[in-house]
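A.B. asks: Below you'll find entry_3.txt; it's compact mmCIF, N, CA, C and O atoms.
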# COMPACT_ATOMS: atom_id res chain seq x y z
N GLY A 1 0.82 -1.20 0.00
CA GLY A 1 0.00 0.00 0.00
C GLY A 1 0.85 1.25 0.00
O GLY A 1 2.06 1.19 0.18
N VAL A 2 0.20 2.36 -0.19
CA VAL A 2 0.87 3.66 -0.17
C VAL A 2 0.23 4.50 0.93
O VAL A 2 -0.86 4.21 1.41
N PHE A 3 0.92 5.56 1.32
CA PHE A 3 0.45 6.43 2.39
C PHE A 3 0.14 7.81 1.84
O PHE A 3 0.91 8.35 1.04
N VAL A 4 -0.99 8.37 2.27
CA VAL A 4 -1.38 9.73 1.88
C VAL A 4 -1.88 10.45 3.13
O VAL A 4 -2.28 9.81 4.11
N PRO A 5 -1.88 11.79 3.12
CA PRO A 5 -2.45 12.52 4.25
C PRO A 5 -3.93 12.19 4.42
O PRO A 5 -4.64 11.98 3.43
N GLU A 6 -4.39 12.14 5.67
CA GLU A 6 -5.81 11.89 5.94
C GLU A 6 -6.70 12.87 5.19
O GLU A 6 -7.80 12.52 4.76
N THR A 7 -6.22 14.10 5.03
CA THR A 7 -7.01 15.14 4.37
C THR A 7 -7.23 14.86 2.89
O THR A 7 -8.05 15.52 2.25
N ALA A 8 -6.52 13.89 2.31
CA ALA A 8 -6.67 13.57 0.90
C ALA A 8 -7.78 12.56 0.64
O ALA A 8 -8.21 12.38 -0.50
N VAL A 9 -8.26 11.88 1.68
CA VAL A 9 -9.23 10.80 1.52
C VAL A 9 -10.63 11.32 1.81
O VAL A 9 -10.89 11.87 2.89
N ALA A 10 -11.54 11.15 0.84
CA ALA A 10 -12.91 11.65 0.98
C ALA A 10 -13.91 10.51 0.88
O ALA A 10 -13.76 9.63 0.04
N PRO A 11 -14.95 10.53 1.74
CA PRO A 11 -16.01 9.53 1.60
C PRO A 11 -16.83 9.83 0.35
O PRO A 11 -17.06 10.99 0.02
N LEU A 12 -17.27 8.79 -0.33
CA LEU A 12 -18.14 8.97 -1.50
C LEU A 12 -19.60 9.01 -1.05
O LEU A 12 -19.92 8.53 0.04
N PRO A 13 -20.48 9.58 -1.86
CA PRO A 13 -21.88 9.73 -1.47
C PRO A 13 -22.59 8.43 -1.07
O PRO A 13 -23.54 8.48 -0.30
N ASN A 14 -22.12 7.29 -1.55
CA ASN A 14 -22.79 6.03 -1.18
C ASN A 14 -22.56 5.66 0.28
O ASN A 14 -23.17 4.73 0.80
N GLY A 15 -21.63 6.38 0.94
CA GLY A 15 -21.37 6.15 2.35
C GLY A 15 -20.53 4.92 2.65
O GLY A 15 -20.22 4.64 3.80
N GLU A 16 -20.17 4.17 1.64
CA GLU A 16 -19.41 2.93 1.84
C GLU A 16 -18.02 2.98 1.24
O GLU A 16 -17.14 2.24 1.68
N SER A 17 -17.81 3.82 0.23
CA SER A 17 -16.53 3.87 -0.48
C SER A 17 -15.81 5.17 -0.19
O SER A 17 -16.41 6.14 0.25
N PHE A 18 -14.52 5.17 -0.48
CA PHE A 18 -13.69 6.34 -0.30
C PHE A 18 -12.92 6.61 -1.58
O PHE A 18 -12.69 5.70 -2.38
N ALA A 19 -12.50 7.87 -1.76
CA ALA A 19 -11.77 8.24 -2.96
C ALA A 19 -10.70 9.27 -2.63
O ALA A 19 -10.76 9.94 -1.60
N VAL A 20 -9.73 9.37 -3.52
CA VAL A 20 -8.79 10.47 -3.53
C VAL A 20 -8.89 11.12 -4.91
O VAL A 20 -9.40 10.52 -5.86
N TYR A 21 -8.43 12.35 -4.99
CA TYR A 21 -8.42 13.07 -6.26
C TYR A 21 -6.98 13.16 -6.74
O TYR A 21 -6.17 13.87 -6.17
N ALA A 22 -6.67 12.37 -7.78
CA ALA A 22 -5.32 12.32 -8.33
C ALA A 22 -5.12 13.50 -9.26
O ALA A 22 -5.95 13.76 -10.14
N VAL A 23 -4.04 14.24 -9.07
CA VAL A 23 -3.74 15.42 -9.87
C VAL A 23 -3.01 15.00 -11.13
O VAL A 23 -2.02 14.27 -11.08
N ASP A 24 -3.52 15.46 -12.28
CA ASP A 24 -2.89 15.20 -13.57
C ASP A 24 -2.82 16.53 -14.30
O ASP A 24 -3.81 16.95 -14.90
N GLY A 25 -1.69 17.21 -14.18
CA GLY A 25 -1.56 18.53 -14.78
C GLY A 25 -2.42 19.53 -14.04
O GLY A 25 -2.27 19.73 -12.85
N ASP A 26 -3.39 20.13 -14.74
CA ASP A 26 -4.26 21.13 -14.11
C ASP A 26 -5.67 20.59 -13.88
O ASP A 26 -6.62 21.35 -13.77
N ALA A 27 -5.80 19.27 -13.81
CA ALA A 27 -7.11 18.66 -13.57
C ALA A 27 -6.95 17.49 -12.59
O ALA A 27 -5.84 17.05 -12.30
N VAL A 28 -8.07 17.02 -12.07
CA VAL A 28 -8.04 15.88 -11.15
C VAL A 28 -8.91 14.75 -11.67
O VAL A 28 -9.85 14.97 -12.42
N GLY A 29 -8.56 13.55 -11.25
CA GLY A 29 -9.36 12.37 -11.55
C GLY A 29 -9.70 11.65 -10.26
O GLY A 29 -8.90 11.61 -9.34
N VAL A 30 -10.90 11.11 -10.17
CA VAL A 30 -11.33 10.39 -8.98
C VAL A 30 -10.73 8.99 -9.00
O VAL A 30 -10.81 8.29 -10.02
N ARG A 31 -10.13 8.59 -7.90
CA ARG A 31 -9.61 7.23 -7.75
C ARG A 31 -10.26 6.62 -6.51
O ARG A 31 -10.05 7.10 -5.39
N VAL A 32 -11.06 5.59 -6.70
CA VAL A 32 -11.66 4.90 -5.56
C VAL A 32 -10.56 4.10 -4.88
O VAL A 32 -9.79 3.40 -5.53
N VAL A 33 -10.47 4.25 -3.56
CA VAL A 33 -9.39 3.62 -2.79
C VAL A 33 -9.95 2.81 -1.64
O VAL A 33 -11.10 2.99 -1.22
N GLN A 34 -9.11 1.92 -1.14
CA GLN A 34 -9.46 1.13 0.04
C GLN A 34 -8.53 1.54 1.16
O GLN A 34 -7.36 1.15 1.19
N PRO A 35 -9.03 2.38 2.10
CA PRO A 35 -8.16 2.83 3.19
C PRO A 35 -7.93 1.73 4.21
O PRO A 35 -8.79 0.86 4.43
N GLY A 36 -6.74 1.77 4.80
CA GLY A 36 -6.40 0.84 5.87
C GLY A 36 -6.18 1.61 7.16
O GLY A 36 -6.95 2.52 7.47
N GLU A 37 -5.10 1.29 7.86
CA GLU A 37 -4.87 1.93 9.15
C GLU A 37 -4.50 3.40 8.99
O GLU A 37 -3.93 3.80 7.97
N ARG A 38 -4.85 4.16 10.03
CA ARG A 38 -4.54 5.60 10.09
C ARG A 38 -3.62 5.81 11.27
O ARG A 38 -3.83 5.24 12.34
N GLN A 39 -2.60 6.64 11.05
CA GLN A 39 -1.67 6.93 12.14
C GLN A 39 -0.93 8.22 11.85
O GLN A 39 -0.42 8.40 10.74
N GLY A 40 -0.90 9.11 12.82
CA GLY A 40 -0.12 10.34 12.69
C GLY A 40 -0.51 11.21 11.52
O GLY A 40 0.34 11.83 10.91
N GLY A 41 -1.81 11.23 11.19
CA GLY A 41 -2.27 12.10 10.12
C GLY A 41 -2.14 11.53 8.72
O GLY A 41 -2.41 12.21 7.74
N VAL A 42 -1.69 10.28 8.62
CA VAL A 42 -1.60 9.63 7.32
C VAL A 42 -2.45 8.37 7.30
O VAL A 42 -2.73 7.77 8.34
N VAL A 43 -2.88 7.98 6.11
CA VAL A 43 -3.69 6.79 5.92
C VAL A 43 -2.96 5.87 4.95
O VAL A 43 -2.46 6.33 3.92
N ARG A 44 -2.92 4.60 5.29
CA ARG A 44 -2.37 3.62 4.35
C ARG A 44 -3.50 3.19 3.43
O ARG A 44 -4.56 2.77 3.88
N LEU A 45 -3.27 3.32 2.13
CA LEU A 45 -4.24 2.87 1.14
C LEU A 45 -3.86 1.47 0.70
O LEU A 45 -2.76 1.24 0.22
N LEU A 46 -4.78 0.54 0.89
CA LEU A 46 -4.51 -0.86 0.57
C LEU A 46 -4.67 -1.14 -0.92
O LEU A 46 -4.11 -2.08 -1.45
N ALA A 47 -5.47 -0.31 -1.60
CA ALA A 47 -5.70 -0.49 -3.04
C ALA A 47 -6.21 0.81 -3.63
O ALA A 47 -6.78 1.64 -2.94
N GLY A 48 -5.97 0.97 -4.94
CA GLY A 48 -6.56 2.07 -5.68
C GLY A 48 -5.64 3.20 -6.08
O GLY A 48 -6.04 4.06 -6.85
N LEU A 49 -4.40 3.22 -5.56
CA LEU A 49 -3.50 4.33 -5.89
C LEU A 49 -2.07 3.83 -5.95
O LEU A 49 -1.65 3.04 -5.10
N ASP A 50 -1.34 4.31 -6.94
CA ASP A 50 0.07 3.94 -7.10
C ASP A 50 0.97 4.94 -6.38
O ASP A 50 0.66 6.13 -6.31
N ALA A 51 2.10 4.46 -5.87
CA ALA A 51 3.10 5.34 -5.26
C ALA A 51 3.54 6.37 -6.29
O ALA A 51 3.64 6.07 -7.48
N GLY A 52 3.75 7.58 -5.83
CA GLY A 52 4.20 8.66 -6.72
C GLY A 52 3.07 9.50 -7.28
O GLY A 52 3.32 10.53 -7.89
N THR A 53 1.82 9.07 -7.08
CA THR A 53 0.67 9.84 -7.57
C THR A 53 0.47 11.06 -6.70
O THR A 53 0.44 10.95 -5.47
N VAL A 54 0.33 12.22 -7.31
CA VAL A 54 0.06 13.45 -6.56
C VAL A 54 -1.44 13.52 -6.31
O VAL A 54 -2.24 13.30 -7.22
N VAL A 55 -1.82 13.81 -5.06
CA VAL A 55 -3.23 13.87 -4.68
C VAL A 55 -3.58 15.22 -4.09
O VAL A 55 -2.76 15.87 -3.45
N ALA A 56 -4.83 15.65 -4.32
CA ALA A 56 -5.34 16.89 -3.72
C ALA A 56 -5.58 16.65 -2.24
O ALA A 56 -6.01 15.57 -1.83
N THR A 57 -5.34 17.69 -1.42
CA THR A 57 -5.51 17.56 0.02
C THR A 57 -6.45 18.60 0.61
O THR A 57 -6.66 18.62 1.81
N SER A 58 -7.00 19.48 -0.22
CA SER A 58 -7.92 20.50 0.30
C SER A 58 -9.01 20.78 -0.72
O SER A 58 -8.88 20.46 -1.90
N ASN A 59 -10.10 21.37 -0.24
CA ASN A 59 -11.26 21.71 -1.08
C ASN A 59 -11.83 20.50 -1.82
O ASN A 59 -12.35 20.62 -2.92
N LEU A 60 -11.74 19.33 -1.19
CA LEU A 60 -12.21 18.11 -1.84
C LEU A 60 -13.70 18.17 -2.17
O LEU A 60 -14.14 17.57 -3.15
N ASN A 61 -14.47 18.89 -1.35
CA ASN A 61 -15.91 18.99 -1.59
C ASN A 61 -16.25 19.75 -2.87
O ASN A 61 -17.38 19.71 -3.33
N HIS A 62 -15.27 20.43 -3.46
CA HIS A 62 -15.48 21.16 -4.71
C HIS A 62 -14.97 20.39 -5.92
O HIS A 62 -15.11 20.86 -7.06
N LEU A 63 -14.35 19.24 -5.70
CA LEU A 63 -13.72 18.51 -6.81
C LEU A 63 -14.63 17.43 -7.37
O LEU A 63 -15.52 16.93 -6.70
N PHE A 64 -14.37 17.09 -8.62
CA PHE A 64 -15.09 16.03 -9.32
C PHE A 64 -14.19 15.57 -10.46
O PHE A 64 -13.18 16.21 -10.76
N GLU A 65 -14.54 14.46 -11.09
CA GLU A 65 -13.75 13.93 -12.21
C GLU A 65 -13.58 14.99 -13.28
O GLU A 65 -14.56 15.57 -13.75
N GLY A 66 -12.33 15.32 -13.61
CA GLY A 66 -12.04 16.29 -14.66
C GLY A 66 -12.03 17.74 -14.20
O GLY A 66 -11.80 18.64 -15.01
N ALA A 67 -12.27 17.99 -12.91
CA ALA A 67 -12.27 19.36 -12.40
C ALA A 67 -10.90 20.00 -12.64
O ALA A 67 -9.86 19.39 -12.43
N ARG A 68 -10.92 21.25 -13.09
CA ARG A 68 -9.68 22.01 -13.28
C ARG A 68 -9.25 22.56 -11.93
O ARG A 68 -10.07 23.02 -11.14
N ILE A 69 -7.95 22.51 -11.68
CA ILE A 69 -7.44 22.99 -10.40
C ILE A 69 -6.27 23.93 -10.60
O ILE A 69 -5.67 24.00 -11.68
N ARG A 70 -5.96 24.65 -9.53
CA ARG A 70 -4.77 25.49 -9.47
C ARG A 70 -4.16 25.24 -8.09
O ARG A 70 -4.77 25.58 -7.08
N ALA A 71 -3.00 24.64 -8.08
CA ALA A 71 -2.35 24.33 -6.80
C ALA A 71 -1.92 25.61 -6.12
O ALA A 71 -1.30 26.47 -6.73
N GLU A 72 -2.30 25.75 -4.84
CA GLU A 72 -1.93 26.94 -4.08
C GLU A 72 -0.88 26.64 -3.03
O GLU A 72 -0.38 27.55 -2.39
N MET A 73 -0.59 25.36 -2.82
CA MET A 73 0.44 24.96 -1.87
C MET A 73 1.03 23.65 -2.36
O MET A 73 0.46 23.05 -3.25
N PRO A 74 2.15 23.23 -1.79
CA PRO A 74 2.72 21.97 -2.26
C PRO A 74 1.70 20.83 -2.15
O PRO A 74 1.03 20.70 -1.13
N ALA A 75 1.61 20.06 -3.18
CA ALA A 75 0.70 18.91 -3.19
C ALA A 75 1.36 17.75 -2.46
O ALA A 75 2.56 17.73 -2.28
N ALA A 76 0.57 16.79 -2.06
CA ALA A 76 1.10 15.60 -1.41
C ALA A 76 1.28 14.50 -2.45
O ALA A 76 0.49 14.39 -3.38
N THR A 77 2.32 13.72 -2.29
CA THR A 77 2.59 12.61 -3.19
C THR A 77 2.45 11.31 -2.42
O THR A 77 3.01 11.17 -1.33
N ALA A 78 1.70 10.37 -2.98
CA ALA A 78 1.55 9.06 -2.34
C ALA A 78 2.92 8.42 -2.20
O ALA A 78 3.72 8.41 -3.13
N ASP A 79 3.19 7.92 -1.02
CA ASP A 79 4.53 7.44 -0.69
C ASP A 79 4.45 6.04 -0.10
O ASP A 79 3.64 5.77 0.77
N ALA A 80 5.31 5.17 -0.56
CA ALA A 80 5.29 3.79 -0.09
C ALA A 80 5.94 3.62 1.28
O ALA A 80 5.75 2.62 1.93
N SER A 81 6.68 4.63 1.76
CA SER A 81 7.39 4.47 3.04
C SER A 81 6.59 4.95 4.23
O SER A 81 6.94 4.66 5.37
N GLY A 82 5.54 5.74 4.00
CA GLY A 82 4.75 6.26 5.10
C GLY A 82 5.18 7.65 5.52
O GLY A 82 4.51 8.31 6.30
N ALA A 83 6.31 8.13 5.01
CA ALA A 83 6.76 9.48 5.34
C ALA A 83 6.15 10.47 4.36
O ALA A 83 6.05 10.18 3.17
N ARG A 84 5.76 11.63 4.86
CA ARG A 84 5.22 12.65 3.96
C ARG A 84 6.35 13.29 3.18
O ARG A 84 7.39 13.62 3.75
N LYS A 85 6.16 13.46 1.90
CA LYS A 85 7.15 14.12 1.07
C LYS A 85 6.46 15.22 0.28
O LYS A 85 5.47 14.95 -0.38
N PRO A 86 6.96 16.45 0.33
CA PRO A 86 6.37 17.47 -0.53
C PRO A 86 6.73 17.19 -1.98
O PRO A 86 7.77 16.57 -2.26
N LYS A 87 5.87 17.59 -2.88
CA LYS A 87 6.16 17.40 -4.30
C LYS A 87 7.35 18.26 -4.68
O LYS A 87 7.39 19.43 -4.35
N SER A 88 8.33 17.69 -5.35
CA SER A 88 9.48 18.47 -5.77
C SER A 88 9.16 19.17 -7.07
O SER A 88 8.51 18.63 -7.95
N GLU A 89 9.58 20.38 -7.15
CA GLU A 89 9.29 21.19 -8.35
C GLU A 89 10.49 21.16 -9.26
O GLU A 89 11.59 21.17 -8.85
The structure in this file should be written as structure tokens.

C.D. replies:
Amino acid sequence: GVFVPETAVAPLPNGESFAVYAVDGDAVGVRVVQPGERQGGVVRLLAGLDAGTVVATSNLNHLFEGARIRAEMPAATADASGARKPKSE
């Protein structure tokens, strides 16, 4: 699994599934994920996201598949080690 900030994981309207918004250039795509354990502000994702994928961590309630975005702060990158890493520019 990979680790992402808790703020990147959003419940879906069905109340049973969770998703993250993967950043691709200036747009996002919905990725349904299977969250596992949570610790220290990060969540281990058991399925649904590859390491190295940049995910949105704020304003998730405004996002949808294909939504255009403008990053205002460093984005989070899914990490296989569990340590948070800012996206390198």

A.B. asks: Report, in Å to a single decimal, how far apart CA of Asn61 in chain A and atom C of Ala78 in chain A are.

C.D. replies: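 So the answer is 21.6 Å.
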
A.B. asks: State, in Å with one decimal place, the distance from atom C of Val32 in chain A to atom O of Thr77 in chain A.

C.D. replies: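 That distance, rounded to one decimal, is 15.7 Å.
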
A.B. asks: Give me, as number ranges by chain, all polymer residues having an atom no more than 10 Å from Arg68 in chain A, counting only C-alpha atoms and skipping those fewer than 2 positions away in the same chain.

C.D. replies: A: 23-29, 63-66, 70

A.B. asks: Would you mind reading off the distance between CA of Tyr21 in chain A and CA of Gln39 in chain A, one decimal, in Å?

C.D. replies: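 Value for the CA of Tyr21 in chain A-CA of Gln39 in chain A distance: 20.5 Å.
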
A.B. asks: Mind checking which residues fall within 7 Å of Arg44 in chain A, counting all atoms listed in the file, ignoring those fewer than 3 positions away in the same chain, and posting them as a list in words?

C.D. replies: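 Here the qualifying residues turn out to be Gly1, Val2, Phe3, Val4, Gln34, Pro35, Gly36, Glu37, Arg38, Gln39 and Ala47 of chain A.
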
A.B. asks: How would you write, as number ranges by chain, the set of residues in chain A that DSSP gives as strand (DSSP E)?

C.D. replies: A: 2-5, 10-11, 18-24, 27-39, 42-47, 54-55, 76-77

A.B. asks: Counting only N, CA, C and O atoms, find the residues whose atoms lie at most 7 Å from (-1.2, 10.7, 8.4) (file coordinates) and write them out as a list in words.

C.D. replies: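 Returned residue set, sorted by chain then number, is Val4, Pro5, Glu6, Thr7, Arg38, Gln39, Gly40, Gly41, Val42, Val43 and Gly82 of chain A.
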
A.B. asks: Compile the contact shell of Arg31 in chain A as a VMD selection string: residues with an atom at most 5 Å away, counting only N, CA, C and O atoms, same-chain residues fewer than 2 positions apart removed.

C.D. replies: chain A and resid 18 to 20 29 33 48
